[in-house]
Amino acid sequence: MQSRSKGKAILMVWAALGWVVGRPAMAIEEPKFSQVEKSGDFEVRAYAPYLVAETLVGGEFGAAGNEGFRRLASYIFGGNRGKQKIAMTAPVGQQPAPKGEKIAMTAPVGQERQGDEWRVTFALPAKITLENAPLPNDARVTLRRVAARKMASLGFSGTWSTERFAEKKTELLRLCTSKGLKPRGEVQYARYDPPWTPWFLRRNEVLVEVEKL
């Protein structure tokens, strides 16, 4: 029964993403940033601080991403302890969800290497802070404030294969070097669309924190 509810929650998250993608007026909230530089699909952004729910998962890239997404979906759809009611972004707010506090959808779902594990993250809406955020029921899900930082990003469409991300990671790091930027930390993989989106319409990115050389 529990796995069925969890699976339903995951489908609701992806349904929300799929519903909003084609409707600019109802765009899903994303972490706020200002554009510093843009050249084709390459971009440098200055991000404001924001809060993420995250979880660490072992295993290979694809399986780890799926497991991490399941944990975060459970948190977003009521697997949390909260004192205030947080309205969900339409149309997700109109869907049934497990008992508990509900949190608005944002994008993207991020994934990056953390030692021998993968860190899977989900940015929370701007109105949620560490002080008012509902605590996760799952001890494997934690909340973290991401400080303001400058990020280089490379956008692309296509599949979510390990090979595809590795190819774009190499390209991103090469572009950073050519533009006099020094990467810091691991490259993050970001997915913006549900899995049933045609591969050629998917919005994907690889991102890495940077500083001037």
# chains A, B, ... in the order shown; residues from 1 in each chain; ligands from 1
>>> residues_around(residues="Glu29 (chain A)", least_positions_apart="3", cutoff="7 Å", atoms="only C-alpha atoms", output="count of residues only")
3
>>> atom_distance(atom1="CA of Arg144 (chain A)", atom2="CA of Ala53 (chain A)")
6.5 Å
>>> residues_around(residues="Phe156 (chain A)", least_positions_apart="5", cutoff="10 Å", atoms="only C-alpha atoms", output="PyMOL selection string")
chain A and resi 41-42+164-165+168+200-206
>>> select_by_dssp(residues="region 117-180 of chain A", states="strand (DSSP E)", output="PyMOL selection string")
chain A and resi 117-123+135-136+141-146+149-156
>>> residues_around(residues="region 60-67 of chain A", least_positions_apart="6", cutoff="8 Å", atoms="only C-alpha atoms", output="list in words")
Gln111, Trp118, Val120, Ser161 and Thr162 of chain A
>>> atom_distance(atom1="CA of Glu131 (chain A)", atom2="CA of Val187 (chain A)")
28.8 Å
>>> closest_atom_pairs(of="region 122-180 of chain A", to="region 68-71 of chain A", cutoff="12 Å", atoms="only C-alpha atoms", output="CSV")
residue,atom,partner,partner_atom,distance
A:Phe122,CA,A:Phe69,CA,8.5
A:Pro136,CA,A:Arg71,CA,9.8
A:Asn137,CA,A:Arg71,CA,10.2
A:Asp138,CA,A:Arg71,CA,7.7
A:Ala139,CA,A:Arg71,CA,10.1
A:Arg140,CA,A:Arg71,CA,8.0
A:Val141,CA,A:Arg71,CA,7.0
A:Thr142,CA,A:Arg71,CA,10.5
>>> atom_distance(atom1="CA of Leu56 (chain A)", atom2="CA of Arg174 (chain A)")
27.7 Å
>>> residues_around(residues="Arg45 (chain A)", least_positions_apart="6", cutoff="8 Å", atoms="only C-alpha atoms", output="list in words")
Phe33, Ser34, Gln35, Val36, Glu37, Lys150, Met151, Ala152 and Ser153 of chain A
>>> decode(residues="region 183-196 of chain A", atoms="all heavy atoms", output="PDB file, in the first residue's frame")
ATOM      1  N   PRO A 183      36.289  25.948 -12.676  1.00  0.00           N
ATOM      2  CA  PRO A 183      35.208  25.188 -12.044  1.00  0.00           C
ATOM      3  C   PRO A 183      35.539  24.854 -10.592  1.00  0.00           C
ATOM      4  O   PRO A 183      36.695  24.615 -10.241  1.00  0.00           O
ATOM      5  CB  PRO A 183      35.127  23.910 -12.883  1.00  0.00           C
ATOM      6  CG  PRO A 183      35.767  24.272 -14.195  1.00  0.00           C
ATOM      7  CD  PRO A 183      36.861  25.232 -13.827  1.00  0.00           C
ATOM      8  N   ARG A 184      34.497  24.829  -9.762  1.00  0.00           N
ATOM      9  CA  ARG A 184      34.637  24.446  -8.351  1.00  0.00           C
ATOM     10  C   ARG A 184      33.634  23.346  -8.043  1.00  0.00           C
ATOM     11  O   ARG A 184      32.453  23.482  -8.321  1.00  0.00           O
ATOM     12  CB  ARG A 184      34.368  25.642  -7.438  1.00  0.00           C
ATOM     13  CG  ARG A 184      35.344  26.798  -7.592  1.00  0.00           C
ATOM     14  CD  ARG A 184      34.992  27.929  -6.636  1.00  0.00           C
ATOM     15  NE  ARG A 184      34.935  27.459  -5.257  1.00  0.00           N
ATOM     16  CZ  ARG A 184      34.518  28.220  -4.230  1.00  0.00           C
ATOM     17  NH1 ARG A 184      34.077  29.441  -4.446  1.00  0.00           N
ATOM     18  NH2 ARG A 184      34.533  27.740  -3.016  1.00  0.00           N
ATOM     19  N   GLY A 185      34.107  22.259  -7.460  1.00  0.00           N
ATOM     20  CA  GLY A 185      33.195  21.182  -7.098  1.00  0.00           C
ATOM     21  C   GLY A 185      32.788  20.323  -8.285  1.00  0.00           C
ATOM     22  O   GLY A 185      33.370  20.392  -9.357  1.00  0.00           O
ATOM     23  N   GLU A 186      31.756  19.512  -8.058  1.00  0.00           N
ATOM     24  CA  GLU A 186      31.300  18.558  -9.055  1.00  0.00           C
ATOM     25  C   GLU A 186      30.305  19.189 -10.033  1.00  0.00           C
ATOM     26  O   GLU A 186      29.619  20.158  -9.709  1.00  0.00           O
ATOM     27  CB  GLU A 186      30.629  17.364  -8.371  1.00  0.00           C
ATOM     28  CG  GLU A 186      31.574  16.503  -7.540  1.00  0.00           C
ATOM     29  CD  GLU A 186      32.537  15.706  -8.399  1.00  0.00           C
ATOM     30  OE1 GLU A 186      32.259  15.516  -9.598  1.00  0.00           O
ATOM     31  OE2 GLU A 186      33.556  15.262  -7.861  1.00  0.00           O
ATOM     32  N   VAL A 187      30.230  18.617 -11.207  1.00  0.00           N
ATOM     33  CA  VAL A 187      29.243  19.048 -12.201  1.00  0.00           C
ATOM     34  C   VAL A 187      27.875  18.492 -11.807  1.00  0.00           C
ATOM     35  O   VAL A 187      27.750  17.341 -11.388  1.00  0.00           O
ATOM     36  CB  VAL A 187      29.631  18.553 -13.612  1.00  0.00           C
ATOM     37  CG1 VAL A 187      28.508  18.815 -14.607  1.00  0.00           C
ATOM     38  CG2 VAL A 187      30.916  19.233 -14.068  1.00  0.00           C
ATOM     39  N   GLN A 188      26.858  19.318 -11.929  1.00  0.00           N
ATOM     40  CA  GLN A 188      25.492  18.915 -11.611  1.00  0.00           C
ATOM     41  C   GLN A 188      24.714  18.664 -12.894  1.00  0.00           C
ATOM     42  O   GLN A 188      24.841  19.396 -13.864  1.00  0.00           O
ATOM     43  CB  GLN A 188      24.794  20.004 -10.802  1.00  0.00           C
ATOM     44  CG  GLN A 188      23.344  19.695 -10.497  1.00  0.00           C
ATOM     45  CD  GLN A 188      22.689  20.778  -9.659  1.00  0.00           C
ATOM     46  OE1 GLN A 188      23.280  21.321  -8.745  1.00  0.00           O
ATOM     47  NE2 GLN A 188      21.459  21.111  -9.994  1.00  0.00           N
ATOM     48  N   TYR A 189      23.900  17.616 -12.881  1.00  0.00           N
ATOM     49  CA  TYR A 189      23.047  17.277 -14.018  1.00  0.00           C
ATOM     50  C   TYR A 189      21.625  17.681 -13.667  1.00  0.00           C
ATOM     51  O   TYR A 189      21.132  17.323 -12.598  1.00  0.00           O
ATOM     52  CB  TYR A 189      23.120  15.783 -14.309  1.00  0.00           C
ATOM     53  CG  TYR A 189      24.542  15.280 -14.430  1.00  0.00           C
ATOM     54  CD1 TYR A 189      25.192  14.710 -13.343  1.00  0.00           C
ATOM     55  CD2 TYR A 189      25.241  15.414 -15.623  1.00  0.00           C
ATOM     56  CE1 TYR A 189      26.510  14.267 -13.445  1.00  0.00           C
ATOM     57  CE2 TYR A 189      26.551  14.972 -15.734  1.00  0.00           C
ATOM     58  CZ  TYR A 189      27.176  14.405 -14.629  1.00  0.00           C
ATOM     59  OH  TYR A 189      28.473  13.978 -14.733  1.00  0.00           O
ATOM     60  N   ALA A 190      20.966  18.439 -14.536  1.00  0.00           N
ATOM     61  CA  ALA A 190      19.625  18.946 -14.241  1.00  0.00           C
ATOM     62  C   ALA A 190      18.629  18.506 -15.304  1.00  0.00           C
ATOM     63  O   ALA A 190      18.881  18.639 -16.500  1.00  0.00           O
ATOM     64  CB  ALA A 190      19.655  20.471 -14.160  1.00  0.00           C
ATOM     65  N   ARG A 191      17.480  17.986 -14.831  1.00  0.00           N
ATOM     66  CA  ARG A 191      16.402  17.551 -15.722  1.00  0.00           C
ATOM     67  C   ARG A 191      15.173  18.418 -15.450  1.00  0.00           C
ATOM     68  O   ARG A 191      14.784  18.593 -14.303  1.00  0.00           O
ATOM     69  CB  ARG A 191      16.035  16.088 -15.465  1.00  0.00           C
ATOM     70  CG  ARG A 191      17.195  15.103 -15.552  1.00  0.00           C
ATOM     71  CD  ARG A 191      16.691  13.721 -15.144  1.00  0.00           C
ATOM     72  NE  ARG A 191      17.705  12.697 -15.228  1.00  0.00           N
ATOM     73  CZ  ARG A 191      18.510  12.341 -14.235  1.00  0.00           C
ATOM     74  NH1 ARG A 191      18.414  12.953 -13.064  1.00  0.00           N
ATOM     75  NH2 ARG A 191      19.400  11.385 -14.377  1.00  0.00           N
ATOM     76  N   TYR A 192      14.548  18.939 -16.485  1.00  0.00           N
ATOM     77  CA  TYR A 192      13.401  19.819 -16.331  1.00  0.00           C
ATOM     78  C   TYR A 192      12.081  19.185 -16.755  1.00  0.00           C
ATOM     79  O   TYR A 192      11.022  19.745 -16.489  1.00  0.00           O
ATOM     80  CB  TYR A 192      13.610  21.096 -17.159  1.00  0.00           C
ATOM     81  CG  TYR A 192      14.649  22.033 -16.586  1.00  0.00           C
ATOM     82  CD1 TYR A 192      16.000  21.818 -16.826  1.00  0.00           C
ATOM     83  CD2 TYR A 192      14.288  23.136 -15.817  1.00  0.00           C
ATOM     84  CE1 TYR A 192      16.964  22.677 -16.308  1.00  0.00           C
ATOM     85  CE2 TYR A 192      15.237  24.007 -15.295  1.00  0.00           C
ATOM     86  CZ  TYR A 192      16.577  23.770 -15.548  1.00  0.00           C
ATOM     87  OH  TYR A 192      17.526  24.614 -15.031  1.00  0.00           O
ATOM     88  N   ASP A 193      12.120  18.061 -17.435  1.00  0.00           N
ATOM     89  CA  ASP A 193      10.900  17.505 -18.013  1.00  0.00           C
ATOM     90  C   ASP A 193      10.611  16.091 -17.528  1.00  0.00           C
ATOM     91  O   ASP A 193      11.525  15.362 -17.130  1.00  0.00           O
ATOM     92  CB  ASP A 193      11.008  17.480 -19.546  1.00  0.00           C
ATOM     93  CG  ASP A 193      11.187  18.869 -20.122  1.00  0.00           C
ATOM     94  OD1 ASP A 193      10.330  19.727 -19.875  1.00  0.00           O
ATOM     95  OD2 ASP A 193      12.201  19.102 -20.813  1.00  0.00           O
ATOM     96  N   PRO A 194       9.330  15.671 -17.591  1.00  0.00           N
ATOM     97  CA  PRO A 194       8.973  14.300 -17.219  1.00  0.00           C
ATOM     98  C   PRO A 194       9.500  13.307 -18.244  1.00  0.00           C
ATOM     99  O   PRO A 194       9.780  13.665 -19.389  1.00  0.00           O
ATOM    100  CB  PRO A 194       7.442  14.338 -17.204  1.00  0.00           C
ATOM    101  CG  PRO A 194       7.086  15.448 -18.128  1.00  0.00           C
ATOM    102  CD  PRO A 194       8.159  16.478 -17.962  1.00  0.00           C
ATOM    103  N   PRO A 195       9.633  12.034 -17.865  1.00  0.00           N
ATOM    104  CA  PRO A 195      10.247  11.032 -18.740  1.00  0.00           C
ATOM    105  C   PRO A 195       9.486  10.754 -20.025  1.00  0.00           C
ATOM    106  O   PRO A 195      10.073  10.245 -20.978  1.00  0.00           O
ATOM    107  CB  PRO A 195      10.316   9.780 -17.846  1.00  0.00           C
ATOM    108  CG  PRO A 195       9.313  10.005 -16.778  1.00  0.00           C
ATOM    109  CD  PRO A 195       9.294  11.475 -16.540  1.00  0.00           C
ATOM    110  N   TRP A 196       8.189  11.069 -20.063  1.00  0.00           N
ATOM    111  CA  TRP A 196       7.452  10.801 -21.304  1.00  0.00           C
ATOM    112  C   TRP A 196       7.584  11.929 -22.331  1.00  0.00           C
ATOM    113  O   TRP A 196       7.058  11.830 -23.433  1.00  0.00           O
ATOM    114  CB  TRP A 196       5.973  10.543 -21.004  1.00  0.00           C
ATOM    115  CG  TRP A 196       5.296  11.613 -20.213  1.00  0.00           C
ATOM    116  CD1 TRP A 196       4.890  12.833 -20.653  1.00  0.00           C
ATOM    117  CD2 TRP A 196       4.965  11.548 -18.831  1.00  0.00           C
ATOM    118  NE1 TRP A 196       4.314  13.549 -19.638  1.00  0.00           N
ATOM    119  CE2 TRP A 196       4.346  12.790 -18.501  1.00  0.00           C
ATOM    120  CE3 TRP A 196       5.112  10.578 -17.835  1.00  0.00           C
ATOM    121  CZ2 TRP A 196       3.887  13.074 -17.218  1.00  0.00           C
ATOM    122  CZ3 TRP A 196       4.661  10.877 -16.556  1.00  0.00           C
ATOM    123  CH2 TRP A 196       4.063  12.099 -16.255  1.00  0.00           C
TER     124      TRP A 196
END
